[in-house]
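S.K.: The structure's right below; bear with me while I get my questions together.
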There are 2 protein chains.
Amino acid sequence: MTVEPLRNEESALPLRERKKLRTRRVLADTALRMFLERGFDETTLDDLVNTVEVSVRTFFRYYSSKEEVAMAAEGELWEAYAAEVARLRISGPVLPRLRDCYANAVRGLSEDWAERYLATRKLAARTPALRVHHAGTTQDLHARLVETLEDELGVDSREDVRLRLIGEMALASVRYGTKNWMRTRGHRGDADDTETLITEVGRAFDALPGALALSPDTLAQSG
Amino acid sequence: MTVEPLRNEESALPLRERKKLRTRRVLADTALRMFLERGFDETTLDDLVNTVEVSVRTFFRYYSSKEEVAMAAEGELWEAYAAEVARLRISGPVLPRLRDCYANAVRGLSEDWAERYLATRKLAARTPALRVHHAGTTQDLHARLVETLEDELGVDSREDVRLRLIGEMALASVRYGTKNWMRTRGHRGDADDTETLITEVGRAFDALPGALALSPDTLAQSG
DNA sequence: GGCATTATGCCAGTCACTGGCAGATTATCC
DNA sequence: GGATAATCTGCCAGTGACTGGCATAATGCC
């Protein structure tokens, strides 16, 4: 297995932990590369683990499915977003805070994340199985967000459906802001990719009131 | 295979078509019953096809996956909803029309649908694989709705993100209205289940503006 | 009744995923 | 620095979802 440089300063960790971290990364990076080159369905897990020189059994100790390793970059984002919302102490309107949390989460990710994320989403766009997986993880994230909001606001989401709805709105904004980001970013990989992503997602958040009131008459004022 | 009565008046169809329709239904009904009794993961496809006395190969000519046959009732709803939106000619605010479409779609479904749907959703609530499948089909439905709205409104959803957002809002309302319906319906199967479902989903639609403006200060006015 | 069409069943195969156990590697304690 | 405990990894054999190809059977049509 090719030894790759560590992304952050986790060199302080014990040898065993560093090795595990590296295996995780090599698996995700190699998987992404192979899936993009040959296609997700056309690449078997055997292909992947042979390339990385790891047994199948070991693979499943790092990732719970072929889909998960493909979407590892998105998983990082979801984790960061959930953590950011968990730290939140709310006063004032909730939705703008959820938007801020997203920005903070993205800014806290590692240097090369944006590039990997863009590649991941491109792969998902052409792979039905990954779109389904994406939908599933998004729903899981929604459940976590709502649970956090329940604790923070002291409201039962079964009693007040608005908690669930606002969670959906936030995640919808994330989803379609990201989609627009992918379109604008095209094929190059700029250094300020993350800031563009944050801007696009912010735009989607801001478009929510307009979407709610959408009618043929209001189509003129776009956004 | 036990011969079940036809649900509607499709007796006019040629024999072959009636048989196919019946096989489809027996598969879905038996699957739902077995999954509820023994659990989704614990019931193999072999168990199912042996019970229905159909070969595995034939099963996959009717349903594309084990998940799909389990969620057949939801599939009927999604089809009806998409068809209803496709018939829509919009003037005035879009969101209330999407709510009406849902009501019309539900009212157009067959007599025993509500009972099967409730059972389906209960099963999905305790089966991770089905929750993922549900998320996936919802996303597919969203794509169809947005496409329809694009045609109807003459707007490109890539240019105006509000189209996508309003689709998400509608489907979120459907999702959480349904969740509340399941809670209120509990275990019995009333005759007016469908109207209660429509009412609950309507409530969720109406809660959207309040969700958008949600803040600790507005928590008092629930719904 | 005969022929074209279409549905079904069987077979053999691929691939994702899993439990259990043996062997290797790393951490820890003296 | 060497023994021991904890952990990680690989191998094996298996299950179960899903598929292509081909022969057979049922149905529709005349």
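Chain identifiers are assigned as A, B, and so on, following the order in which chains appear in the structure tokens; residues are numbered from 1 within each chain, and ligands are numbered from 1 in order of appearance.
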Using only C-alpha atoms (C1' of nucleotides), what table do you get, as a Markdown table, when you list each residue of chain A with an atom no more than 10 Å from chain C, its nearest pair of atoms, and their distance in Å rounded to one decimal, rows by chain then rising number?
M.R.:
```
| residue | atom | partner | partner_atom | distance |
| --- | --- | --- | --- | --- |
| A:Pro14 | CA | C:DA27 | C1' | 9.2 |
| A:Leu15 | CA | C:DT26 | C1' | 8.0 |
| A:Arg16 | CA | C:DT26 | C1' | 6.6 |
| A:Thr44 | CA | C:DC15 | C1' | 7.5 |
| A:Leu45 | CA | C:DA16 | C1' | 8.0 |
| A:Asp46 | CA | C:DC15 | C1' | 9.3 |
| A:Val56 | CA | C:DC17 | C1' | 9.4 |
| A:Arg57 | CA | C:DT18 | C1' | 8.7 |
| A:Phe60 | CA | C:DC17 | C1' | 8.3 |
| A:Ser64 | CA | C:DC17 | C1' | 9.1 |
| A:Ser65 | CA | C:DA16 | C1' | 8.2 |
| A:Lys66 | CA | C:DA16 | C1' | 8.1 |
```
S.K.: Pull the closest atom pair for each residue of chain B that gets at most 9 Å from chain A, along with the distance in Å to one decimal, counting only C-alpha atoms, ordering rows by chain and then ascending residue number, as CSV.
M.R.:
```
residue,atom,partner,partner_atom,distance
B:Ile90,CA,A:Pro216,CA,7.5
B:Ser91,CA,A:Pro216,CA,6.4
B:Gly92,CA,A:Ser215,CA,5.2
B:Pro93,CA,A:Ser215,CA,4.1
B:Val94,CA,A:Ser215,CA,5.2
B:Leu95,CA,A:Leu212,CA,6.9
B:Arg131,CA,A:Gly136,CA,7.2
B:Val132,CA,A:Gly136,CA,4.6
B:His133,CA,A:Val132,CA,7.0
B:His134,CA,A:Gly136,CA,8.3
B:Ala135,CA,A:Ala135,CA,5.3
B:Gly136,CA,A:Val132,CA,4.6
B:Thr137,CA,A:Val132,CA,8.0
B:Thr138,CA,A:Ala135,CA,8.5
B:Gln139,CA,A:Ala135,CA,6.9
B:Leu153,CA,A:Pro216,CA,6.8
B:Val155,CA,A:Leu219,CA,8.3
B:Arg158,CA,A:Asn180,CA,7.1
B:Glu159,CA,A:Ser222,CA,8.2
B:Asp160,CA,A:Gly223,CA,5.9
B:Val161,CA,A:Gly223,CA,6.6
B:Arg162,CA,A:Ala211,CA,4.5
B:Leu163,CA,A:Ala211,CA,6.8
B:Arg164,CA,A:Tyr176,CA,7.4
B:Leu165,CA,A:Ala211,CA,6.2
B:Ile166,CA,A:Ala211,CA,5.4
B:Glu168,CA,A:Ala172,CA,6.5
B:Met169,CA,A:Met169,CA,6.9
B:Ala172,CA,A:Leu165,CA,6.5
B:Ser173,CA,A:Leu165,CA,7.2
B:Tyr176,CA,A:Val161,CA,7.0
B:Gly177,CA,A:Val161,CA,8.1
B:Lys179,CA,A:Arg158,CA,8.6
B:Asn180,CA,A:Arg158,CA,7.1
B:Arg183,CA,A:Arg158,CA,8.8
B:Arg203,CA,A:Val161,CA,9.0
B:Ala204,CA,A:Val161,CA,6.7
B:Ala207,CA,A:Arg162,CA,6.2
B:Leu208,CA,A:Leu165,CA,6.8
B:Pro209,CA,A:Leu212,CA,7.3
B:Gly210,CA,A:Arg162,CA,6.8
B:Ala211,CA,A:Arg162,CA,4.5
B:Leu212,CA,A:Ile166,CA,6.3
B:Ala213,CA,A:Pro93,CA,6.3
B:Leu214,CA,A:Pro93,CA,5.7
B:Ser215,CA,A:Pro93,CA,4.1
B:Pro216,CA,A:Gly92,CA,6.3
B:Asp217,CA,A:Gly92,CA,7.1
B:Thr218,CA,A:Pro93,CA,8.8
B:Leu219,CA,A:Val155,CA,8.3
B:Ser222,CA,A:Asp160,CA,6.0
B:Gly223,CA,A:Asp160,CA,5.8
```
S.K.: Quick one: which residues from chain A are at most 12 Å off chain D, using only C-alpha atoms (C1' of nucleotides), as a list in words?
M.R.: Arg16, Glu17, Lys19, Lys20, Glu53, Val54, Ser55, Val56, Arg57, Thr58, Phe59, Phe60, Arg61 and Tyr62 of chain A
S.K.: For Ala105 in chain A, please output as a list in words all residues within 8 Å (counting only C-alpha atoms (C1' of nucleotides); exclusion window: fewer than 6 positions along the same chain).
M.R.: Leu77, Ala80, Tyr81 and Glu84 of chain A
S.K.: Could you save the residues just selected, with N, CA, C and O atoms, as a PDB file, in the first residue's frame?
M.R.:
```pdb
ATOM      1  N   LEU A  77     -19.033  15.767   6.134  1.00  0.00           N
ATOM      2  CA  LEU A  77     -19.827  16.994   6.210  1.00  0.00           C
ATOM      3  C   LEU A  77     -21.025  16.822   7.147  1.00  0.00           C
ATOM      4  O   LEU A  77     -21.292  17.666   8.000  1.00  0.00           O
ATOM      5  N   ALA A  80     -19.926  16.899  10.696  1.00  0.00           N
ATOM      6  CA  ALA A  80     -19.554  18.242  11.123  1.00  0.00           C
ATOM      7  C   ALA A  80     -20.794  19.113  11.323  1.00  0.00           C
ATOM      8  O   ALA A  80     -20.885  19.879  12.287  1.00  0.00           O
ATOM      9  N   TYR A  81     -21.753  18.970  10.424  1.00  0.00           N
ATOM     10  CA  TYR A  81     -22.970  19.775  10.529  1.00  0.00           C
ATOM     11  C   TYR A  81     -23.743  19.410  11.793  1.00  0.00           C
ATOM     12  O   TYR A  81     -24.177  20.294  12.551  1.00  0.00           O
ATOM     13  N   GLU A  84     -22.025  20.797  14.767  1.00  0.00           N
ATOM     14  CA  GLU A  84     -22.164  22.248  14.844  1.00  0.00           C
ATOM     15  C   GLU A  84     -23.532  22.639  15.408  1.00  0.00           C
ATOM     16  O   GLU A  84     -23.648  23.527  16.254  1.00  0.00           O
TER      17      GLU A  84
END
```
S.K.: Check the DSSP output for the backbone and give back, as an NGL selection string, the residues of range 11-155 of chain A in alpha helix (DSSP H).
M.R.: :A and (15-38 or 45-52 or 56-62 or 66-70 or 72-87 or 94-107 or 113-125 or 128-153)
